[in-house]
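Undergrad: Next up is a structure, given as structure tokens.
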Amino acid sequence: MKLRKLGMVALVAAATVFGMGVSAPTHAKTLKMAYDADPVSLDPMEQLSGGTLQMSHMVFDPLIRFAKDLSYEGRLATKWEQVNETTMRFHLRKGVKFHSGNDFTANDVAWTLDRLKKSADFKGLFEPFTGSKIVDDYTIELMTAEPYPLVLTMMTYLFPMDSKFYTGTDANGNPKDMLKKHGDAYASTNESGTGPYVVASREQGVRVEFKRFADYWDKESKGNVSEIILTPIKEAPTRVAALLAGDIDFIAPVPPTDLKRIEDHDGSNLVTMTGTRIITFQMNQERVEAFKDKRVRQAIVYAVNNEGIVQKIMKGFGTAAAQQSAAGQLGHVEALKPRYDLKKAKELMKEAGYEKGFNITMMAPNNRYVNDAKIAEAVASMLSKINIKVDLTTMPKAQYWPKFDERAADMMMIGWHPDTEDSANYSEFLLMTPNKDTGKGQYNSGNYANAELDALVNKANTITDQAERKKLLQQVEQLAYDDAAFVPLHWQNLAWAARKGVHIEDIVNVMNFPYMGDLVID
């Protein structure tokens with residue numbers, strides 16, 4: 001299915017975007033970049049996804065970001081201290097301008113936190129926060145209901161928005177700060193951040209042009225790219241061919257089938273990294289009665305040869321999984337291993353009274369995860385061996401996410417990278433009982449519900465003692481494994497490639513949020 005071409009949307013952060021607010025250095029460097037898809041929105045709170053966060057690091061700036069070694073690095077916050085067990089004080093960077101020309105102050109942080117707590121996708125992350133207190137223009141305190149171990153980590157998600165710019169109504173009479181998923185809200189198509197780049201123009205699914213922000217605060221950054229042209233290229237072979245031909249300077253992701261080809265190419269530089277993004281399928285218990293039976297869910301897990309998928313489809317560029325938490329993460333249980341066993345799967349189906357099987361629908365994206373459509377086809381074929389007949393539909397992620405939000409199929413693919421690099425984050429979004437008020441279970445398309453699991457995750461999020469917290473999070477993984485809460489596939493490795501002289505090795509990271517503002521081109 002081809003990406004649908006949408007109409008041209010003019011993006012004007014402010015009058016300065018096309019004038020004095022855009023940098024035009026004497027030795028301008030232009031980067032031609034190709035991802036598998038472009039951001040679905042310019043609103044950093046509309047959708048919690050890798051694409052949104054990649055865009056946010058270009059156009060906005062977080063209070064804190066992760067360094068290469070996952071230590072905390074101050075950005076719009078210069079320092080912080082614990083006032084008491086439920087209050088953290090942040091000192092903000094002075095002299096920072098938004099793309100509109102407005103000054104950045106503590107009021108923008110408070111306004112952004114309030115909006116995050118209203119976002120369907122982000123409210124689950126920020127549910128522990130009860131509010132903020134502005135001490136002065138450049139000092140703010142954030143409060144939590146209980147002691148919370150991830151306050152600083154959550155600040156990597158807080159990208160202050162220009163509260164003055166997003167105040168008022170648009171041409172249609174709607175509030176400029178309106179949050180509307182997959183819609184045409186003002187914030188979806190207009191931006192004013194503090195980041196290194198302004199959006200000069202954007203045609204959804206076709207091209208996005210970013211220009212260096214002349215008033216960008218980070219004068220110590222070595223980044224020298226004045227313009228970035230992002231072209232979405234869904235087909236992996238086409239992306240690779242464009243890089244090798246010299247038409248594109250930087251591509252991501254790199255398909256496993258082309259890793260050696262790029263590595264052997266004299267003019268290209270390949271960067272790979274072990275990832276922590278889990279790829280899974282979820283089984284919707286509200287749509288399929290059989291999925292309520294634990295034995296059926298277990299049968300499906302036993303029927304899926306995820307080690308075979310990694311070997312044959314991923315060409316070894318991944319790690320077969322039996323749980324959410326990757327090795328090294330707090331909740332990882334070393335004893336849990338992939339459990340492909342077709343004989344066992346058939347026995348469980350018979351025991352549950354479904355020996356003759358049943359029919360289901362399945363949906364997956366075809367340009368979001370590495371080999372996503374091929375993986376879905378393989379899983380559908382594997383399920384046919386236990387007489388589950390699958391009607392599979394794949395589509396570009398721009399069309400997939402609205403369908404995912406609708407829970408439009410019986411089994412749906414979802415990948416999740418815990419941007420907090422914390423085990424609880426997987427469960428908060430993928431496994432906890434869906435709750436629109438708290439945002440928990442926002443990406444639980446299986447409608448899986450387990451009160452014991454919910455309680456364990458909630459308790460873990462109030463524990464600051466790491467050893468005690470580890471025990472709780474490992475209990476969560478064991479419980480989900482025993483209950484076959486989801487179908488684990490693999491942790492997806494990461495790969496980027498660029499032409500020689502484009503130093504992506506300095507700006508890519510395990511979160512897969514390249515810090516484009518710091519990119520240096522020879």
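Chain labels follow the order of the structure tokens: the first chain is A, the next B, and so on; residue numbering restarts at 1 in every chain, and ligands are counted from 1 in their shown order.
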Please identify all polymer residues within 12 Å of Ala424 of chain A, counting only C-alpha atoms, omitting same-chain residues fewer than 3 positions from it, and present them as a PyMOL selection string.
TA: chain A and resi 124-125+149-150+324-326+329-332+416-421+427-432+440-441+453-463+469-477
Undergrad: Which polymer residues have any atom within 10 Å of an atom of Asp372 of chain A, counting only C-alpha atoms, with same-chain residues fewer than 4 positions away left out, as an NGL selection string?
TA: :A and (279 or 313-314 or 364-368 or 376-378 or 394 or 413-415)
Undergrad: Would you list, as a ChimeraX atom specification, the residues of segment 51-299 of chain A that end up in alpha helix (DSSP H) under DSSP run on this structure's backbone?
TA: /A:51-59,106-116,123-126,151-154,186-189,236-244,259-263,294-299
Undergrad: Can you spit out the residues from that selection as a short mmCIF file (atom, residue, chain, number, x, y, z; two decimals), in the first residue's frame, using N, CA and C atoms?
TA:
```cif
data_model
loop_
_atom_site.label_atom_id
_atom_site.label_comp_id
_atom_site.auth_asym_id
_atom_site.auth_seq_id
_atom_site.Cartn_x
_atom_site.Cartn_y
_atom_site.Cartn_z
N GLY A 51 8.67 8.34 16.42
CA GLY A 51 8.68 9.41 15.43
C GLY A 51 8.42 10.77 16.05
N THR A 52 7.48 10.82 16.98
CA THR A 52 7.17 12.08 17.66
C THR A 52 8.35 12.55 18.50
N LEU A 53 8.98 11.64 19.22
CA LEU A 53 10.09 12.02 20.07
C LEU A 53 11.33 12.40 19.26
N GLN A 54 11.53 11.76 18.11
CA GLN A 54 12.62 12.16 17.23
C GLN A 54 12.41 13.60 16.75
N MET A 55 11.17 13.90 16.36
CA MET A 55 10.84 15.26 15.92
C MET A 55 11.01 16.25 17.07
N SER A 56 10.58 15.85 18.28
CA SER A 56 10.64 16.75 19.43
C SER A 56 12.07 17.18 19.74
N HIS A 57 13.03 16.26 19.59
CA HIS A 57 14.43 16.61 19.86
C HIS A 57 15.01 17.54 18.79
N MET A 58 14.35 17.65 17.66
CA MET A 58 14.80 18.57 16.62
C MET A 58 14.17 19.96 16.79
N VAL A 59 12.88 19.99 17.11
CA VAL A 59 12.11 21.23 17.09
C VAL A 59 11.94 21.84 18.48
N ALA A 106 9.59 29.76 33.44
CA ALA A 106 8.98 28.69 34.24
C ALA A 106 7.50 28.53 33.93
N ASN A 107 6.85 29.60 33.51
CA ASN A 107 5.43 29.51 33.17
C ASN A 107 5.19 28.52 32.04
N ASP A 108 6.14 28.45 31.10
CA ASP A 108 6.01 27.51 29.98
C ASP A 108 6.14 26.07 30.45
N VAL A 109 6.97 25.83 31.45
CA VAL A 109 7.12 24.48 32.00
C VAL A 109 5.84 24.06 32.71
N ALA A 110 5.28 24.96 33.53
CA ALA A 110 4.04 24.67 34.25
C ALA A 110 2.90 24.41 33.27
N TRP A 111 2.80 25.24 32.25
CA TRP A 111 1.76 25.10 31.23
C TRP A 111 1.90 23.77 30.49
N THR A 112 3.14 23.40 30.17
CA THR A 112 3.39 22.15 29.45
C THR A 112 3.05 20.94 30.31
N LEU A 113 3.40 20.98 31.60
CA LEU A 113 3.06 19.87 32.48
C LEU A 113 1.55 19.68 32.56
N ASP A 114 0.82 20.78 32.69
CA ASP A 114 -0.65 20.68 32.73
C ASP A 114 -1.19 20.04 31.46
N ARG A 115 -0.62 20.41 30.33
CA ARG A 115 -1.11 19.86 29.05
C ARG A 115 -0.73 18.38 28.92
N LEU A 116 0.45 18.00 29.39
CA LEU A 116 0.86 16.59 29.35
C LEU A 116 -0.09 15.73 30.16
N LYS A 123 -0.55 11.12 29.65
CA LYS A 123 -1.03 11.27 31.02
C LYS A 123 -0.61 10.11 31.91
N GLY A 124 -0.44 8.91 31.34
CA GLY A 124 -0.01 7.77 32.13
C GLY A 124 1.39 7.98 32.70
N LEU A 125 2.26 8.57 31.89
CA LEU A 125 3.62 8.86 32.35
C LEU A 125 3.63 9.91 33.45
N PHE A 126 2.75 10.91 33.32
CA PHE A 126 2.78 12.04 34.24
C PHE A 126 1.73 11.96 35.34
N VAL A 151 11.45 10.72 38.61
CA VAL A 151 11.17 12.14 38.34
C VAL A 151 12.10 12.69 37.26
N LEU A 152 13.40 12.46 37.40
CA LEU A 152 14.35 13.01 36.43
C LEU A 152 14.17 12.37 35.07
N THR A 153 13.88 11.09 35.05
CA THR A 153 13.64 10.41 33.78
C THR A 153 12.44 11.02 33.06
N MET A 154 11.39 11.35 33.80
CA MET A 154 10.21 11.94 33.18
C MET A 154 10.50 13.30 32.56
N TYR A 186 -4.46 23.08 15.56
CA TYR A 186 -3.42 24.10 15.35
C TYR A 186 -2.03 23.58 15.72
N ALA A 187 -1.93 22.94 16.89
CA ALA A 187 -0.63 22.45 17.35
C ALA A 187 -0.11 21.30 16.51
N SER A 188 -0.97 20.65 15.76
CA SER A 188 -0.54 19.56 14.89
C SER A 188 0.22 20.07 13.67
N THR A 189 -0.06 21.31 13.30
CA THR A 189 0.51 21.83 12.05
C THR A 189 1.28 23.14 12.22
N ALA A 236 12.51 -0.22 2.28
CA ALA A 236 13.89 -0.29 2.76
C ALA A 236 14.91 -0.39 1.63
N PRO A 237 14.71 -1.23 0.60
CA PRO A 237 15.70 -1.30 -0.49
C PRO A 237 15.89 0.03 -1.20
N THR A 238 14.80 0.80 -1.32
CA THR A 238 14.89 2.10 -1.97
C THR A 238 15.69 3.08 -1.13
N ARG A 239 15.50 3.04 0.20
CA ARG A 239 16.28 3.89 1.10
C ARG A 239 17.77 3.60 0.97
N VAL A 240 18.11 2.32 1.01
CA VAL A 240 19.52 1.92 0.92
C VAL A 240 20.11 2.33 -0.42
N ALA A 241 19.37 2.10 -1.48
CA ALA A 241 19.86 2.46 -2.81
C ALA A 241 20.11 3.96 -2.93
N ALA A 242 19.23 4.76 -2.30
CA ALA A 242 19.39 6.22 -2.34
C ALA A 242 20.67 6.64 -1.62
N LEU A 243 20.99 5.97 -0.51
CA LEU A 243 22.22 6.28 0.23
C LEU A 243 23.44 5.91 -0.60
N LEU A 244 23.46 4.70 -1.14
CA LEU A 244 24.63 4.22 -1.88
C LEU A 244 24.85 5.01 -3.17
N LEU A 259 22.85 -4.84 5.83
CA LEU A 259 23.91 -4.41 6.75
C LEU A 259 25.30 -4.61 6.15
N LYS A 260 25.55 -5.81 5.62
CA LYS A 260 26.89 -6.10 5.07
C LYS A 260 27.16 -5.27 3.82
N ARG A 261 26.13 -5.08 3.03
CA ARG A 261 26.28 -4.30 1.80
C ARG A 261 26.74 -2.87 2.10
N ILE A 262 26.15 -2.28 3.14
CA ILE A 262 26.53 -0.92 3.52
C ILE A 262 27.90 -0.92 4.17
N GLU A 263 28.15 -1.92 5.01
CA GLU A 263 29.43 -2.01 5.70
C GLU A 263 30.59 -2.14 4.71
N LYS A 294 -6.73 -18.64 29.21
CA LYS A 294 -5.27 -18.57 29.31
C LYS A 294 -4.61 -19.65 28.47
N ARG A 295 -5.24 -20.82 28.36
CA ARG A 295 -4.65 -21.92 27.60
C ARG A 295 -4.55 -21.58 26.11
N VAL A 296 -5.53 -20.84 25.60
CA VAL A 296 -5.49 -20.43 24.19
C VAL A 296 -4.37 -19.41 23.99
N ARG A 297 -4.26 -18.47 24.90
CA ARG A 297 -3.18 -17.47 24.79
C ARG A 297 -1.82 -18.16 24.86
N GLN A 298 -1.69 -19.11 25.77
CA GLN A 298 -0.44 -19.86 25.87
C GLN A 298 -0.17 -20.64 24.59
N ALA A 299 -1.21 -21.24 24.02
CA ALA A 299 -1.06 -22.00 22.78
C ALA A 299 -0.51 -21.12 21.66
#
```
Undergrad: Write out as an mmCIF file with N, CA, C and O atoms, in the first residue's frame all residues of segment 284-413 of chain A that backbone DSSP assigns to strand (DSSP E or B).
TA:
```cif
data_model
loop_
_atom_site.group_PDB
_atom_site.id
_atom_site.type_symbol
_atom_site.label_atom_id
_atom_site.label_comp_id
_atom_site.auth_asym_id
_atom_site.auth_seq_id
_atom_site.Cartn_x
_atom_site.Cartn_y
_atom_site.Cartn_z
ATOM 1 N N GLY A 318 18.472 -9.139 15.911
ATOM 2 C CA GLY A 318 17.473 -9.012 16.957
ATOM 3 C C GLY A 318 17.702 -10.124 17.964
ATOM 4 O O GLY A 318 18.533 -11.015 17.748
ATOM 5 N N THR A 319 16.959 -10.102 19.072
ATOM 6 C CA THR A 319 17.081 -11.118 20.104
ATOM 7 C C THR A 319 15.698 -11.631 20.451
ATOM 8 O O THR A 319 14.842 -10.843 20.885
ATOM 9 N N ALA A 320 15.461 -12.938 20.249
ATOM 10 C CA ALA A 320 14.155 -13.519 20.558
ATOM 11 C C ALA A 320 13.820 -13.289 22.023
ATOM 12 O O ALA A 320 14.681 -13.407 22.901
ATOM 13 N N PHE A 358 -10.359 -21.396 15.075
ATOM 14 C CA PHE A 358 -11.325 -20.332 14.859
ATOM 15 C C PHE A 358 -10.689 -19.292 13.938
ATOM 16 O O PHE A 358 -9.501 -19.384 13.612
ATOM 17 N N ASN A 359 -11.475 -18.324 13.513
ATOM 18 C CA ASN A 359 -11.005 -17.279 12.605
ATOM 19 C C ASN A 359 -10.762 -15.976 13.366
ATOM 20 O O ASN A 359 -11.539 -15.631 14.269
ATOM 21 N N ILE A 360 -9.709 -15.257 13.003
ATOM 22 C CA ILE A 360 -9.438 -13.942 13.597
ATOM 23 C C ILE A 360 -8.959 -12.966 12.534
ATOM 24 O O ILE A 360 -8.529 -13.367 11.450
ATOM 25 N N THR A 361 -9.013 -11.684 12.884
ATOM 26 C CA THR A 361 -8.404 -10.644 12.043
ATOM 27 C C THR A 361 -7.101 -10.193 12.713
ATOM 28 O O THR A 361 -6.959 -10.253 13.930
ATOM 29 N N MET A 362 -6.172 -9.742 11.903
ATOM 30 C CA MET A 362 -4.875 -9.275 12.408
ATOM 31 C C MET A 362 -4.463 -8.036 11.619
ATOM 32 O O MET A 362 -4.681 -7.965 10.407
ATOM 33 N N MET A 363 -3.892 -7.072 12.312
ATOM 34 C CA MET A 363 -3.369 -5.871 11.651
ATOM 35 C C MET A 363 -1.943 -5.607 12.108
ATOM 36 O O MET A 363 -1.585 -5.875 13.257
ATOM 37 N N ALA A 364 -1.143 -5.061 11.182
ATOM 38 C CA ALA A 364 0.239 -4.685 11.490
ATOM 39 C C ALA A 364 0.646 -3.546 10.562
ATOM 40 O O ALA A 364 0.111 -3.417 9.454
ATOM 41 N N PRO A 365 1.581 -2.714 11.002
ATOM 42 C CA PRO A 365 2.109 -1.689 10.094
ATOM 43 C C PRO A 365 3.065 -2.332 9.082
ATOM 44 O O PRO A 365 3.520 -3.457 9.283
ATOM 45 N N ILE A 388 -5.841 -21.708 13.695
ATOM 46 C CA ILE A 388 -6.325 -20.333 13.809
ATOM 47 C C ILE A 388 -6.106 -19.678 12.454
ATOM 48 O O ILE A 388 -4.969 -19.505 12.015
ATOM 49 N N LYS A 389 -7.203 -19.373 11.778
ATOM 50 C CA LYS A 389 -7.139 -18.797 10.429
ATOM 51 C C LYS A 389 -7.131 -17.279 10.543
ATOM 52 O O LYS A 389 -8.019 -16.683 11.137
ATOM 53 N N VAL A 390 -6.117 -16.671 9.953
ATOM 54 C CA VAL A 390 -5.874 -15.241 10.133
ATOM 55 C C VAL A 390 -6.176 -14.464 8.855
ATOM 56 O O VAL A 390 -5.683 -14.799 7.777
ATOM 57 N N ASP A 391 -6.986 -13.410 9.013
ATOM 58 C CA ASP A 391 -7.213 -12.440 7.940
ATOM 59 C C ASP A 391 -6.323 -11.237 8.244
ATOM 60 O O ASP A 391 -6.632 -10.427 9.111
ATOM 61 N N LEU A 392 -5.172 -11.144 7.552
ATOM 62 C CA LEU A 392 -4.145 -10.145 7.861
ATOM 63 C C LEU A 392 -4.259 -8.919 6.960
ATOM 64 O O LEU A 392 -4.391 -9.036 5.747
ATOM 65 N N THR A 393 -4.153 -7.748 7.582
ATOM 66 C CA THR A 393 -4.084 -6.479 6.853
ATOM 67 C C THR A 393 -2.867 -5.709 7.338
ATOM 68 O O THR A 393 -2.673 -5.557 8.553
ATOM 69 N N THR A 394 -2.031 -5.234 6.412
ATOM 70 C CA THR A 394 -0.906 -4.373 6.785
ATOM 71 C C THR A 394 -1.064 -3.025 6.088
ATOM 72 O O THR A 394 -1.680 -2.934 5.020
ATOM 73 N N MET A 395 -0.513 -1.984 6.696
ATOM 74 C CA MET A 395 -0.698 -0.631 6.163
ATOM 75 C C MET A 395 0.390 0.292 6.703
ATOM 76 O O MET A 395 1.018 -0.023 7.721
ATOM 77 N N MET A 411 -6.008 -9.261 16.650
ATOM 78 C CA MET A 411 -4.603 -9.238 17.067
ATOM 79 C C MET A 411 -3.923 -8.071 16.385
ATOM 80 O O MET A 411 -4.100 -7.877 15.183
ATOM 81 N N MET A 412 -3.164 -7.290 17.153
ATOM 82 C CA MET A 412 -2.503 -6.126 16.593
ATOM 83 C C MET A 412 -1.050 -6.098 17.037
ATOM 84 O O MET A 412 -0.723 -6.441 18.177
ATOM 85 N N MET A 413 -0.186 -5.687 16.112
ATOM 86 C CA MET A 413 1.249 -5.589 16.417
ATOM 87 C C MET A 413 1.537 -4.276 17.128
ATOM 88 O O MET A 413 0.986 -3.239 16.787
#
```
Undergrad: Atom CA of Glu355 of chain A and atom CA of Asn387 of chain A, how far apart in Å?
TA: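 Between these atoms lies a distance of 7.3 Å.
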Undergrad: Set the distance at 9 Å and use only C-alpha atoms: which residues neighbour Asp36 of chain A once local chain neighbours fewer than 2 positions away are removed? I'd like the list as JSON, numbers by chain.
TA: {"A": [34, 38, 231, 232, 233, 234, 235, 236, 239, 251, 252, 253, 367, 368]}
Undergrad: Measuring atom to atom with only C-alpha atoms, identify which of A:Val40, A:Ala303, A:Leu70, A:Val370 is nearest to Val254 of chain A.
TA: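 For Val254 of chain A, the nearest of the candidates is A:Val370.
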Undergrad: Taking 6 positions as the minimum chain separation for residues in the same chain, which residues sit within 9 Å of Asn512 of chain A when counting only C-alpha atoms? Answer as a PyMOL selection string.
TA: chain A and resi 50+54+275+494
Undergrad: Restricted to all heavy atoms, what would the selected residues look like written as a compact mmCIF listing (two decimals), in the first residue's frame?
TA:
```
# COMPACT_ATOMS: atom_id res chain seq x y z
N GLY A 50 8.07 6.85 18.73
CA GLY A 50 9.45 7.17 18.40
C GLY A 50 9.54 8.32 17.43
O GLY A 50 10.40 9.21 17.57
N GLN A 54 11.53 11.76 18.11
CA GLN A 54 12.62 12.16 17.23
C GLN A 54 12.41 13.60 16.75
O GLN A 54 13.34 14.41 16.75
CB GLN A 54 12.70 11.21 16.03
CG GLN A 54 13.26 9.83 16.39
CD GLN A 54 13.07 8.82 15.27
OE1 GLN A 54 12.39 9.07 14.28
NE2 GLN A 54 13.67 7.66 15.43
N GLY A 275 19.33 -3.10 20.80
CA GLY A 275 18.17 -2.29 21.18
C GLY A 275 17.36 -2.88 22.31
O GLY A 275 17.56 -4.03 22.72
N LEU A 494 19.21 -1.88 16.52
CA LEU A 494 19.17 -0.58 15.86
C LEU A 494 20.31 -0.46 14.85
O LEU A 494 21.42 -0.93 15.09
CB LEU A 494 19.30 0.54 16.89
CG LEU A 494 18.19 0.62 17.95
CD1 LEU A 494 18.60 1.58 19.06
CD2 LEU A 494 16.88 1.06 17.33
```
